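The file coords_31.txt comes next; it holds compact mmCIF, C-alpha atoms and all ligand atoms.
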```txt
# COMPACT_ATOMS: atom_id res chain seq x y z
CA MET A 1 0.00 0.00 0.00
CA VAL A 2 2.75 2.42 0.84
CA LEU A 3 4.48 1.65 -2.44
CA MET A 4 1.28 2.25 -4.40
CA SER A 5 0.44 5.62 -2.86
CA LYS A 6 4.01 6.81 -3.41
CA LEU A 7 3.76 5.94 -7.09
CA VAL A 8 0.42 7.68 -7.49
CA ALA A 9 1.78 10.77 -5.76
CA THR A 10 4.74 10.84 -8.14
CA LEU A 11 2.45 10.65 -11.18
CA ALA A 12 0.25 13.44 -9.78
CA THR A 13 3.27 15.70 -9.35
CA LEU A 14 4.35 15.03 -12.92
CA THR A 15 0.86 15.85 -14.23
CA VAL A 16 0.88 19.19 -12.41
CA ALA A 17 4.34 19.97 -13.75
CA VAL A 18 3.27 19.24 -17.32
CA THR A 19 0.13 21.44 -17.02
CA ALA A 20 2.11 24.34 -15.58
CA ALA A 21 4.67 24.33 -18.37
CA PRO A 22 2.78 24.35 -21.70
CA ALA A 23 5.91 25.29 -23.65
CA SER A 24 7.47 21.87 -23.23
CA PRO A 25 6.01 18.93 -25.13
CA PRO A 26 3.47 17.15 -22.94
CA GLN A 27 4.72 13.78 -21.67
CA VAL A 28 1.47 12.06 -22.54
CA ALA A 29 2.79 8.53 -22.36
CA LEU A 30 4.03 9.06 -18.83
CA THR A 31 1.07 10.98 -17.41
CA LEU A 32 -1.54 8.66 -18.90
CA ALA A 33 0.16 5.42 -17.97
CA PRO A 34 -1.93 3.39 -15.50
CA PRO A 35 -0.42 2.87 -12.07
CA ALA A 36 2.05 0.02 -12.22
CA PRO A 37 1.10 -3.17 -10.39
CA PRO A 38 2.70 -3.41 -6.97
CA HIS A 39 6.28 -4.44 -7.45
CA LEU A 40 8.68 -5.97 -5.05
CA VAL A 41 11.14 -3.55 -3.51
CA ILE A 42 14.09 -5.47 -2.14
CA PRO A 43 15.97 -3.66 0.62
CA PRO A 44 19.26 -2.31 -0.82
CA ASN A 45 21.34 -4.10 1.84
CA PHE A 46 19.64 -7.45 1.22
CA PRO A 47 22.31 -10.17 0.68
CA ARG A 48 21.03 -11.48 -2.67
CA SER A 49 22.07 -14.96 -3.65
CA PRO A 50 22.19 -15.90 -7.36
CA LEU A 51 19.12 -18.06 -6.64
CA LEU A 52 16.88 -15.13 -5.81
CA GLU A 53 16.24 -13.50 -9.20
CA PRO A 54 15.26 -16.74 -11.01
CA ILE A 55 12.92 -17.67 -8.16
CA LEU A 56 11.29 -14.25 -8.09
CA SER A 57 10.88 -14.16 -11.86
CA GLN A 58 9.03 -17.47 -11.73
CA LEU A 59 6.61 -16.50 -8.97
CA ASP A 60 3.04 -16.41 -10.12
CA PRO A 61 1.64 -12.84 -10.09
CA ASP A 62 -0.70 -13.53 -7.19
CA HIS A 63 2.14 -14.83 -5.00
CA ALA A 64 4.36 -11.94 -6.06
CA SER A 65 1.65 -9.51 -5.02
CA GLN A 66 1.16 -11.26 -1.67
CA LEU A 67 4.91 -11.22 -1.10
CA THR A 68 4.95 -7.46 -1.73
CA HIS A 69 2.14 -7.10 0.76
CA HIS A 70 4.02 -9.26 3.28
CA LEU A 71 7.13 -7.07 2.97
CA THR A 72 5.06 -3.93 3.46
CA ARG A 73 3.07 -5.32 6.36
CA TYR A 74 6.05 -6.61 8.34
CA SER A 75 8.29 -3.58 8.14
CA ASP A 76 9.67 -3.61 11.70
CA LEU A 77 13.45 -3.79 11.61
CA ARG A 78 15.26 -6.85 12.89
CA THR A 79 18.95 -7.63 13.31
CA LEU A 80 19.94 -10.85 11.59
CA ARG A 81 23.12 -12.90 11.65
CA LEU A 82 23.87 -15.13 8.69
CA SER A 83 27.03 -16.87 9.82
CA ASP A 84 28.93 -17.82 12.95
CA ASP A 85 32.05 -16.11 11.61
CA PRO A 86 32.90 -13.64 14.41
CA LEU A 87 33.90 -11.09 11.77
CA ALA A 88 30.60 -11.36 9.88
CA LEU A 89 28.48 -8.22 10.11
CA ASP A 90 24.92 -8.35 11.36
CA LEU A 91 22.30 -7.12 8.91
CA VAL A 92 19.37 -4.90 9.75
CA LEU A 93 16.40 -5.91 7.62
CA PRO A 94 12.62 -5.67 7.90
CA GLU A 95 10.89 -8.68 9.45
CA GLY A 96 9.20 -9.33 6.08
CA ALA A 97 12.57 -9.76 4.35
CA LYS A 98 13.01 -13.06 6.21
CA ALA A 99 10.70 -14.46 3.54
CA LEU A 100 13.26 -13.47 0.88
CA LEU A 101 16.03 -15.13 2.86
CA ARG A 102 13.98 -18.31 3.08
CA LEU A 103 13.18 -18.17 -0.63
CA GLN A 104 16.87 -18.16 -1.51
CA GLN A 105 17.54 -20.67 1.31
CA THR A 106 19.80 -18.45 3.37
CA ARG A 107 19.78 -19.41 7.05
CA PHE A 108 19.79 -16.78 9.76
CA ILE A 109 19.45 -16.16 13.49
CA ASP A 110 17.42 -13.17 14.66
CA THR A 111 19.78 -11.50 17.13
CA THR A 112 17.75 -8.32 17.66
CA ASP A 113 17.29 -8.96 21.36
CA ASP A 114 20.68 -10.51 22.05
CA ASP A 115 22.08 -9.62 25.41
CA TRP A 116 25.87 -9.57 25.37
CA ASP A 117 26.04 -10.41 29.07
CA LEU A 118 24.11 -13.61 28.53
CA LEU A 119 26.10 -15.05 25.65
CA ALA A 120 28.00 -18.28 26.13
CA HIS A 121 31.48 -16.83 26.39
CA ASN A 122 30.42 -15.29 29.69
CA HIS A 123 29.43 -18.67 31.08
CA ASN A 124 31.78 -21.53 31.67
CA ASP A 125 29.24 -23.73 33.33
CA ASP A 126 28.59 -26.08 30.44
CA GLU A 127 28.09 -29.40 32.13
CA PRO A 128 31.44 -31.15 32.55
CA PRO A 129 31.64 -34.57 30.85
CA SER A 130 31.47 -36.25 34.26
CA SER A 131 27.92 -34.96 34.74
CA TYR A 132 26.66 -37.56 32.27
CA PRO A 133 26.96 -41.17 33.33
CA ASP A 134 29.60 -43.37 31.71
CA THR A 135 27.25 -46.28 31.72
CA VAL A 136 23.63 -46.72 30.74
CA THR A 137 21.38 -48.42 33.28
CA HIS A 138 18.32 -49.23 31.18
CA ASN A 139 17.71 -50.95 27.91
CA ALA A 140 14.77 -51.70 25.63
CA THR A 141 13.74 -54.63 27.84
CA SER A 142 13.71 -52.75 31.13
CA LEU A 143 11.95 -49.83 29.44
CA ALA A 144 9.30 -52.03 27.83
CA PRO A 145 6.68 -51.01 30.45
CA LEU A 146 7.01 -47.50 28.97
CA PHE A 147 7.75 -48.39 25.33
CA ASN A 148 4.58 -50.52 25.24
CA HIS A 149 2.61 -47.31 25.57
CA ILE A 150 3.89 -45.75 22.35
CA HIS A 151 0.98 -46.05 19.95
CA LEU A 152 1.44 -45.40 16.24
CA GLY A 153 -2.32 -44.96 15.70
CA GLU A 154 -2.43 -42.14 18.24
CA MET A 155 0.65 -40.51 16.73
CA HIS A 156 -0.98 -40.65 13.31
CA HIS A 157 -4.21 -39.13 14.60
CA PHE A 158 -2.37 -36.32 16.41
CA LEU A 159 -0.16 -35.44 13.44
CA ALA A 160 -3.13 -35.49 11.07
CA ASN A 161 -4.79 -32.89 13.30
CA LEU A 162 -1.65 -30.80 13.70
CA THR A 163 -1.04 -30.67 9.95
CA SER A 164 -4.64 -29.78 9.19
CA PHE A 165 -4.06 -26.15 10.19
CA PHE A 166 -3.44 -24.07 7.08
CA ASN A 167 0.00 -23.36 8.50
CA ARG A 168 1.54 -22.81 11.93
CA TYR A 169 3.32 -19.61 10.97
CA TYR A 170 4.13 -17.78 14.19
CA ARG A 171 2.77 -14.40 13.06
CA SER A 172 -0.52 -15.78 11.74
CA GLN A 173 -3.86 -16.56 13.34
CA TYR A 174 -3.32 -20.17 12.29
CA GLY A 175 -0.12 -20.27 14.34
CA LEU A 176 -2.02 -19.13 17.40
CA GLN A 177 -4.84 -21.62 16.79
CA SER A 178 -2.42 -24.54 16.33
CA GLN A 179 -0.69 -23.59 19.59
CA GLN A 180 -4.04 -23.57 21.39
CA PHE A 181 -4.85 -26.99 19.93
CA LEU A 182 -1.49 -28.33 21.09
CA GLN A 183 -1.96 -26.97 24.59
CA ALA A 184 -5.49 -28.40 24.87
CA HIS A 185 -4.21 -31.76 23.61
CA ILE A 186 -1.50 -31.97 26.28
CA GLU A 187 -3.96 -30.88 28.99
CA HIS A 188 -6.28 -33.63 27.80
CA LEU A 189 -3.50 -36.24 27.95
CA HIS A 190 -2.66 -35.20 31.50
CA ALA A 191 -6.29 -35.20 32.63
CA THR A 192 -7.14 -38.55 31.08
CA LEU A 193 -3.94 -40.61 31.31
CA ASN A 194 -2.59 -39.68 34.73
CA PRO A 195 -4.13 -36.64 36.41
CA ARG A 196 -2.04 -37.23 39.54
CA ALA A 197 1.20 -36.60 37.69
CA ASN A 198 2.76 -33.37 38.98
CA LEU A 199 2.77 -31.69 35.62
CA THR A 200 2.13 -28.05 34.81
CA ILE A 201 1.83 -26.37 31.44
CA VAL A 202 3.26 -22.88 31.31
CA PRO A 203 2.69 -20.93 28.09
CA PHE A 204 5.66 -18.61 27.55
CA ALA A 205 4.48 -15.30 26.08
CA HIS A 206 6.77 -13.78 23.44
CA SER A 207 7.64 -10.16 22.83
CA THR A 208 6.31 -9.34 19.38
CA TRP A 209 4.06 -12.21 18.24
CA SER A 210 1.14 -14.11 19.68
CA GLN A 211 2.01 -17.80 19.27
CA ARG A 212 3.41 -18.95 22.58
CA THR A 213 6.08 -21.48 23.40
CA LEU A 214 4.58 -24.23 25.56
CA ILE A 215 6.64 -25.41 28.49
CA VAL A 216 5.48 -28.54 30.30
CA ARG A 217 7.21 -28.94 33.64
CA TRP A 218 7.11 -32.30 35.38
CA THR A 219 8.47 -32.95 38.84
CA SER A 220 7.78 -35.19 41.83
CA PRO A 221 8.14 -35.04 45.62
CA SER A 222 11.49 -36.83 45.44
CA VAL A 223 13.05 -34.24 43.10
CA PRO A 224 15.11 -31.64 44.99
CA PRO A 225 13.68 -28.18 44.15
CA SER A 226 17.08 -26.86 43.13
CA ALA A 227 18.00 -29.75 40.82
CA PRO A 228 18.82 -28.68 37.22
CA ALA A 229 16.09 -29.46 34.69
CA VAL A 230 16.35 -32.10 31.98
CA LEU A 231 14.92 -30.57 28.80
CA ILE A 232 13.44 -32.17 25.73
CA SER A 233 12.20 -30.06 22.82
CA ALA A 234 10.91 -29.56 19.28
CA HIS A 235 9.40 -26.60 17.43
CA GLN A 236 5.66 -26.31 16.93
CA ASP A 237 5.63 -23.65 14.18
CA SER A 238 5.80 -24.31 10.45
CA THR A 239 6.28 -22.15 7.43
CA ASN A 240 6.22 -22.28 3.67
CA ARG A 241 9.05 -20.53 1.81
CA LEU A 242 6.31 -17.99 1.16
CA PRO A 243 4.95 -17.56 4.69
CA PHE A 244 1.38 -16.78 3.65
CA LEU A 245 0.96 -20.16 1.89
CA ARG A 246 -0.06 -23.54 3.24
CA ALA A 247 2.61 -25.24 5.32
CA PRO A 248 1.55 -28.61 6.74
CA GLY A 249 5.02 -29.08 8.26
CA ALA A 250 4.46 -32.81 8.87
CA ASP A 251 8.17 -33.46 9.11
CA ASP A 252 9.35 -29.91 9.94
CA ASP A 253 8.70 -30.11 12.79
CA GLY A 254 5.38 -31.89 13.20
CA SER A 255 7.47 -35.05 13.53
CA GLY A 256 9.46 -33.73 16.50
CA THR A 257 6.28 -32.34 18.06
CA THR A 258 4.57 -35.72 17.62
CA ALA A 259 7.57 -37.45 19.18
CA LEU A 260 7.33 -35.19 22.24
CA VAL A 261 3.59 -35.70 22.61
CA ALA A 262 4.01 -39.48 22.25
CA THR A 263 6.80 -39.43 24.84
CA LEU A 264 4.57 -37.56 27.30
CA ALA A 265 1.66 -39.93 26.65
CA ALA A 266 3.79 -43.06 27.15
CA LEU A 267 5.32 -41.73 30.38
CA LEU A 268 1.93 -40.68 31.74
CA ARG A 269 0.35 -44.01 30.86
CA GLY A 270 3.25 -45.96 32.29
CA GLY A 271 2.93 -44.16 35.65
CA TRP A 272 6.48 -42.79 35.33
CA ARG A 273 7.62 -39.83 37.32
CA PRO A 274 11.05 -38.19 37.65
CA ARG A 275 13.17 -38.99 40.70
CA THR A 276 16.29 -36.83 40.68
CA HIS A 277 15.70 -33.93 38.26
CA PRO A 278 12.63 -32.11 36.98
CA VAL A 279 11.77 -32.66 33.34
CA GLU A 280 10.71 -29.89 30.99
CA VAL A 281 9.16 -30.37 27.57
CA HIS A 282 9.56 -27.25 25.39
CA LEU A 283 7.46 -26.78 22.25
CA PHE A 284 9.03 -23.71 20.74
CA SER A 285 7.29 -21.02 18.77
CA ALA A 286 8.96 -19.17 15.88
CA GLU A 287 11.92 -21.40 15.11
CA GLU A 288 11.31 -20.41 11.51
CA GLY A 289 11.67 -16.73 12.43
CA GLY A 290 15.39 -17.24 13.10
CA LEU A 291 15.26 -19.30 16.32
CA LEU A 292 13.22 -16.48 17.86
CA GLY A 293 11.10 -18.39 20.38
CA SER A 294 13.89 -20.54 21.78
CA GLY A 295 16.14 -17.46 21.85
CA GLU A 296 13.73 -15.64 24.16
CA VAL A 297 13.25 -18.69 26.37
CA ALA A 298 16.99 -19.40 26.65
CA ARG A 299 17.76 -15.76 27.53
CA ALA A 300 14.96 -15.67 30.12
CA TYR A 301 16.29 -18.88 31.68
CA ARG A 302 19.80 -17.48 31.85
CA ARG A 303 18.57 -14.18 33.28
CA GLU A 304 16.54 -15.98 35.94
CA GLY A 305 19.51 -18.16 36.84
CA ARG A 306 17.75 -21.40 35.94
CA LYS A 307 19.83 -24.54 35.82
CA VAL A 308 19.65 -26.92 32.88
CA ARG A 309 21.29 -30.33 33.04
CA ALA A 310 20.76 -31.15 29.39
CA MET A 311 18.61 -30.27 26.40
CA TYR A 312 17.60 -32.88 23.81
CA HIS A 313 16.13 -31.27 20.72
CA MET A 314 14.47 -32.98 17.75
CA ASP A 315 13.90 -31.30 14.39
CA VAL A 316 12.70 -33.36 11.38
CA VAL A 317 12.67 -36.96 12.55
CA GLY A 318 10.16 -38.62 10.20
CA PHE A 319 11.63 -38.87 6.69
CA VAL A 320 13.67 -41.83 5.46
CA ARG A 321 15.10 -41.19 2.01
CA ARG A 322 14.50 -43.98 -0.48
CA SER A 323 17.31 -46.55 -0.69
CA THR A 324 19.06 -45.31 2.45
CA THR A 325 19.35 -47.27 5.69
CA PRO A 326 17.08 -45.83 8.39
CA SER A 327 19.29 -44.22 11.03
CA ILE A 328 19.31 -41.71 13.84
CA GLY A 329 21.17 -38.54 12.93
CA LEU A 330 23.19 -37.05 15.75
CA ILE A 331 24.15 -33.47 15.04
CA THR A 332 27.78 -32.68 15.85
CA ASP A 333 28.00 -28.91 15.28
CA GLY A 334 26.64 -26.20 17.57
CA VAL A 335 26.06 -28.72 20.36
CA SER A 336 27.57 -29.83 23.68
CA ARG A 337 30.20 -32.45 22.91
CA ALA A 338 29.75 -34.11 26.31
CA LEU A 339 26.01 -34.46 25.94
CA THR A 340 26.25 -35.62 22.32
CA ALA A 341 28.82 -38.26 23.29
CA TYR A 342 26.48 -39.37 26.07
CA LEU A 343 23.59 -39.77 23.63
CA SER A 344 25.72 -41.84 21.28
CA ARG A 345 26.40 -44.17 24.23
CA LEU A 346 22.72 -44.28 25.17
CA ILE A 347 21.03 -44.79 21.78
CA PRO A 348 22.24 -48.36 21.07
CA HIS A 349 20.67 -49.47 24.37
CA VAL A 350 17.19 -48.30 23.40
CA SER A 351 16.94 -48.39 19.60
CA ALA A 352 18.09 -50.87 16.98
CA LEU A 353 18.79 -48.10 14.46
CA PRO A 354 22.40 -47.13 13.76
CA VAL A 355 23.60 -43.69 14.83
CA VAL A 356 25.13 -41.48 12.15
CA GLU A 357 27.00 -38.34 13.07
CA THR A 358 26.20 -35.42 10.82
CA GLU A 359 26.57 -31.64 10.67
CA CYS A 360 23.61 -29.39 10.03
CA GLY A 361 25.25 -25.97 9.65
CA TYR A 362 24.66 -22.50 10.99
CA ALA A 363 21.27 -21.57 12.52
CA CYS A 364 20.17 -25.18 12.19
CA SER A 365 17.58 -25.31 14.94
CA ASP A 366 16.60 -24.27 18.46
CA HIS A 367 19.33 -26.13 20.31
CA GLY A 368 21.55 -23.33 18.94
CA SER A 369 19.74 -20.79 21.13
CA PHE A 370 20.62 -22.75 24.24
CA THR A 371 24.19 -23.34 23.12
CA ARG A 372 24.57 -19.58 22.52
CA VAL A 373 23.86 -18.80 26.18
CA GLY A 374 26.00 -21.68 27.45
CA TYR A 375 23.49 -24.43 28.20
CA PRO A 376 24.43 -27.97 27.13
CA SER A 377 22.29 -29.03 24.19
CA ALA A 378 22.12 -31.83 21.63
CA CYS A 379 20.08 -32.27 18.47
CA LEU A 380 18.75 -35.36 16.73
CA SER A 381 17.50 -35.55 13.20
CA GLU A 382 16.08 -38.09 10.75
CA GLY A 383 19.43 -39.31 9.38
CA ARG A 384 22.35 -37.82 7.52
CA PHE A 385 21.76 -34.12 6.93
CA GLU A 386 22.20 -34.52 3.16
CA ASP A 387 19.45 -37.17 3.13
CA SER A 388 16.91 -35.01 4.93
CA ASN A 389 13.47 -34.18 3.60
CA PRO A 390 13.68 -32.06 0.41
CA HIS A 391 10.04 -30.97 0.85
CA MET A 392 10.62 -28.89 3.98
CA HIS A 393 9.00 -25.45 3.78
CA THR A 394 6.71 -26.51 0.92
CA THR A 395 3.10 -27.66 0.66
CA GLN A 396 4.44 -31.18 0.06
CA ASP A 397 5.79 -31.60 3.59
CA THR A 398 2.97 -34.00 4.42
CA MET A 399 2.59 -37.32 6.18
CA ASP A 400 1.26 -38.85 2.95
CA LEU A 401 4.72 -39.07 1.37
CA ALA A 402 5.87 -42.66 0.92
CA GLU A 403 9.14 -41.77 2.62
CA PHE A 404 7.46 -40.34 5.71
CA SER A 405 7.47 -42.92 8.49
CA LEU A 406 5.91 -42.81 11.93
CA GLU A 407 7.81 -46.03 12.69
CA HIS A 408 10.92 -43.90 12.26
CA VAL A 409 9.53 -41.22 14.59
CA ARG A 410 8.84 -43.97 17.15
CA GLU A 411 12.57 -44.69 17.41
CA PHE A 412 13.14 -41.09 18.51
CA VAL A 413 10.41 -41.49 21.12
CA LYS A 414 12.29 -44.50 22.50
CA VAL A 415 15.50 -42.48 22.66
CA ALA A 416 13.63 -39.62 24.33
CA ILE A 417 12.21 -41.94 26.97
CA GLY A 418 15.63 -43.53 27.55
CA TYR A 419 17.22 -40.09 27.91
CA LEU A 420 14.61 -38.87 30.40
CA VAL A 421 14.66 -42.03 32.50
CA GLU A 422 18.47 -42.08 32.58
CA LEU A 423 18.99 -38.38 33.34
CA ALA A 424 15.91 -37.57 35.48
CA GLY A 425 15.51 -40.94 37.19
CA TRP A 426 12.45 -43.13 37.55
CA ASP A 427 10.54 -42.83 40.76
CA GLU A 428 8.72 -46.14 40.92
CA GLY A 429 6.46 -44.56 43.52
CA ASP A 430 4.87 -45.68 46.71
CA GLU A 431 1.27 -46.42 47.39
CA LEU A 432 0.46 -43.02 45.84
CA GLY A 433 2.14 -43.99 42.59
CA VAL A 434 -0.43 -44.45 39.89
CA ARG A 435 -0.07 -46.81 37.01
CA VAL A 436 -2.58 -46.70 34.26
CA VAL A 437 -2.43 -49.74 32.05
ZN ZN B 1 12.45 -27.21 11.70
```
In structure tokens, what does this structure look like?
Ligand SMILES: [Zn+2]
Amino acid sequence: MVLMSKLVATLATLTVAVTAAPASPPQVALTLAPPAPPHLVIPPNFPRSPLLEPILSQLDPDHASQLTHHLTRYSDLRTLRLSDDPLALDLVLPEGAKALLRLQQTRFIDTTDDDWDLLAHNHNDDEPPSSYPDTVTHNATSLAPLFNHIHLGEMHHFLANLTSFFNRYYRSQYGLQSQQFLQAHIEHLHATLNPRANLTIVPFAHSTWSQRTLIVRWTSPSVPPSAPAVLISAHQDSTNRLPFLRAPGADDDGSGTTALVATLAALLRGGWRPRTHPVEVHLFSAEEGGLLGSGEVARAYRREGRKVRAMYHMDVVGFVRRSTTPSIGLITDGVSRALTAYLSRLIPHVSALPVVETECGYACSDHGSFTRVGYPSACLSEGRFEDSNPHMHTTQDTMDLAEFSLEHVREFVKVAIGYLVELAGWDEGDELGVRVV
């Protein structure tokens, strides 16, 4: 709209100038030309990749017009970082320009609200390697009372509902509605599977958008109040490369979200409760906005002096590329080495799938926000990074793809349960312990 009125004003000025100067030949072609259709104005400092122009030239006119509208509507300035090179300059771009970055597949972290005092180099309290056990106590057999409560049918039903929202874009109404659905679903699981579990859902309100991060905190009488929390996480939002389009996000990151919900359901049904450390399940908002939601949560935790023993993050865990061996991808960059080494010791005890170590690059996912402020984090993904789902951020990221597998997601649920039981303990309970079979 702003672009349009500016153009009309320019034409009006020209018309007046022509009328007031009859001696010069009238510029009929210019004054009579109809207003041009809205055209995309790319910020002059935008870091164009060679991919951008061909993509823009192939956009259908309706999408191009909506993209123009998106850029105009989201004009608030944000500071973005495109690389972890300490010499790289931050860029100041309008919020809407993130859509252009996504179109040309440039990754970024939104660092607008960074707080220098909170960044990792000011904290040397990353968990020492000794904080994670050398040995693993449980295995698939001893965890069977919990694993038996992982139900593929329920996972399918949940993910079908989650992906039925037009998108889960964090700045849209759909993003707010999908968050409300997710919250109601977890409340329902708690109320119906084990209402006596000491579990609270705390929606974390964000600064400039309405979709909230959901934090589920689970403790028990035997957990010391000051014990560091054991975190497990995924991101609930989804986006298309063009953020106003449909984005089912079945894999990215509906799969991680489904894994978390299935983990909660199995633990509730199995009557599990933590013994030594509280557990927190984080369902982040706005990962697709440059790790925005997790960034705000991680900074708030650091500011409040909260202690975190470990964070286990899952992003895209449901796609198995044709003619590859199903495997669990363990991300090796931007993570805590001690925690990642611990997970590689743990996984063979709880899943039959091989572990493959893989890098996922800068601004890969929300674990990066916790790493940036010095909390120990790890990230798991569906396999080797180069084999990951090519349909991410498109309308084809659905659970109907032949290569999408809830059986694969189930393996990550097993690892999640193993991780929580090993690091937060398993209070078998007394006469108050409830087991729902
Ligand atoms: Zn993702």
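CA of Leu101 (chain A) sits 20.4 Å away from CA of Leu87 (chain A).
Each of A:His282, A:Arg322, A:His391, A:Arg306 was compared to Pro248 (chain A) using only C-alpha atoms, and A:His391 turns out to be the nearest.
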Which neighbours of region 370-378 of chain A fall inside 9 Å, counting all atoms listed in the file, when residues of the same chain fewer than 2 positions from it are skipped, and could you give them as a PDB file with C-alpha atoms, keeping the file's coordinate frame?
```pdb
ATOM      1  CA  LEU A 118      24.110 -13.610  28.530  1.00  0.00           C
ATOM      2  CA  LEU A 119      26.100 -15.050  25.650  1.00  0.00           C
ATOM      3  CA  ALA A 120      28.000 -18.280  26.130  1.00  0.00           C
ATOM      4  CA  HIS A 121      31.480 -16.830  26.390  1.00  0.00           C
ATOM      5  CA  ASN A 122      30.420 -15.290  29.690  1.00  0.00           C
ATOM      6  CA  HIS A 123      29.430 -18.670  31.080  1.00  0.00           C
ATOM      7  CA  ASN A 124      31.780 -21.530  31.670  1.00  0.00           C
ATOM      8  CA  ASP A 125      29.240 -23.730  33.330  1.00  0.00           C
ATOM      9  CA  ASP A 126      28.590 -26.080  30.440  1.00  0.00           C
ATOM     10  CA  GLU A 127      28.090 -29.400  32.130  1.00  0.00           C
ATOM     11  CA  LEU A 231      14.920 -30.570  28.800  1.00  0.00           C
ATOM     12  CA  SER A 294      13.890 -20.540  21.780  1.00  0.00           C
ATOM     13  CA  GLY A 295      16.140 -17.460  21.850  1.00  0.00           C
ATOM     14  CA  VAL A 297      13.250 -18.690  26.370  1.00  0.00           C
ATOM     15  CA  ALA A 298      16.990 -19.400  26.650  1.00  0.00           C
ATOM     16  CA  ARG A 299      17.760 -15.760  27.530  1.00  0.00           C
ATOM     17  CA  ARG A 302      19.800 -17.480  31.850  1.00  0.00           C
ATOM     18  CA  LYS A 307      19.830 -24.540  35.820  1.00  0.00           C
ATOM     19  CA  VAL A 308      19.650 -26.920  32.880  1.00  0.00           C
ATOM     20  CA  ARG A 309      21.290 -30.330  33.040  1.00  0.00           C
ATOM     21  CA  ALA A 310      20.760 -31.150  29.390  1.00  0.00           C
ATOM     22  CA  MET A 311      18.610 -30.270  26.400  1.00  0.00           C
ATOM     23  CA  TYR A 312      17.600 -32.880  23.810  1.00  0.00           C
ATOM     24  CA  HIS A 313      16.130 -31.270  20.720  1.00  0.00           C
ATOM     25  CA  MET A 314      14.470 -32.980  17.750  1.00  0.00           C
ATOM     26  CA  LEU A 330      23.190 -37.050  15.750  1.00  0.00           C
ATOM     27  CA  ILE A 331      24.150 -33.470  15.040  1.00  0.00           C
ATOM     28  CA  THR A 332      27.780 -32.680  15.850  1.00  0.00           C
ATOM     29  CA  GLY A 334      26.640 -26.200  17.570  1.00  0.00           C
ATOM     30  CA  VAL A 335      26.060 -28.720  20.360  1.00  0.00           C
ATOM     31  CA  SER A 336      27.570 -29.830  23.680  1.00  0.00           C
ATOM     32  CA  ARG A 337      30.200 -32.450  22.910  1.00  0.00           C
ATOM     33  CA  ALA A 338      29.750 -34.110  26.310  1.00  0.00           C
ATOM     34  CA  LEU A 339      26.010 -34.460  25.940  1.00  0.00           C
ATOM     35  CA  THR A 340      26.250 -35.620  22.320  1.00  0.00           C
ATOM     36  CA  LEU A 343      23.590 -39.770  23.630  1.00  0.00           C
ATOM     37  CA  ASP A 366      16.600 -24.270  18.460  1.00  0.00           C
ATOM     38  CA  HIS A 367      19.330 -26.130  20.310  1.00  0.00           C
ATOM     39  CA  GLY A 368      21.550 -23.330  18.940  1.00  0.00           C
ATOM     40  CA  LEU A 380      18.750 -35.360  16.730  1.00  0.00           C
TER      41      LEU A 380
END
```
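Counting from CA of Phe319 (chain A), the distance to CA of Gly249 (chain A) is 11.9 Å.
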Of the candidates A:Glu187, A:Glu359, A:Glu287, A:Glu53, which shows the shortest atom-to-atom distance to ligand ZN 1 (chain B), using all atoms listed in the file? A:Glu287
How would you write, as a PyMOL selection string, the set of residues no farther than 12 Å from ligand ZN 1 (chain B) when counting only C-alpha atoms and all ligand atoms? chain A and resi 107+168-169+233-240+247+249-257+283-291+313-318+360+363-367+379-382+388-389+391-393+397
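The two atoms in question, CA of Ala300 (chain A) and CA of Trp116 (chain A), are spaced 13.4 Å apart.
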Let me make sure I understand: among A:Tyr301, A:Trp218, A:Tyr342, A:Phe404, which one has the smallest atom-to-atom distance to Arg321 (chain A) if we use only C-alpha atoms? A:Phe404
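Closest approach to Thr200 (chain A) from the set A:Val421, A:Val320, A:Val216, A:Val279 is made by A:Val216, with distances taken over all atoms listed in the file.
Closest approach to His185 (chain A) among A:Ala205, A:Leu162, A:Leu100, A:Val355: A:Leu162, based on only C-alpha atoms.
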Of the candidates A:Thr394, A:Thr137, A:Thr213, A:Thr219, which one gets nearest to Ser178 (chain A) if we count only C-alpha atoms? A:Thr213
Considering all atoms listed in the file, return as a ChimeraX atom specification whatever protein or nucleic-acid residues lie within 9 Å of Pro94 (chain A), sequence-local ones (same chain, fewer than 3 positions apart) excluded. /A:43,71-72,74-79,97-98
Near Ile55 (chain A), within 8 Å and counting all atoms listed in the file, which residues show up once chain neighbours fewer than 3 positions away are dropped, as a VMD selection string? chain A and resid 51 to 52 58 to 59 103 to 104
Which neighbours of region 152-160 of chain A fall inside 8 Å, counting all atoms listed in the file, when residues of the same chain fewer than 4 positions from it are skipped, and could you give them as a ChimeraX atom specification? /A:164,250,254-255,258-259,262,399,406-407,410
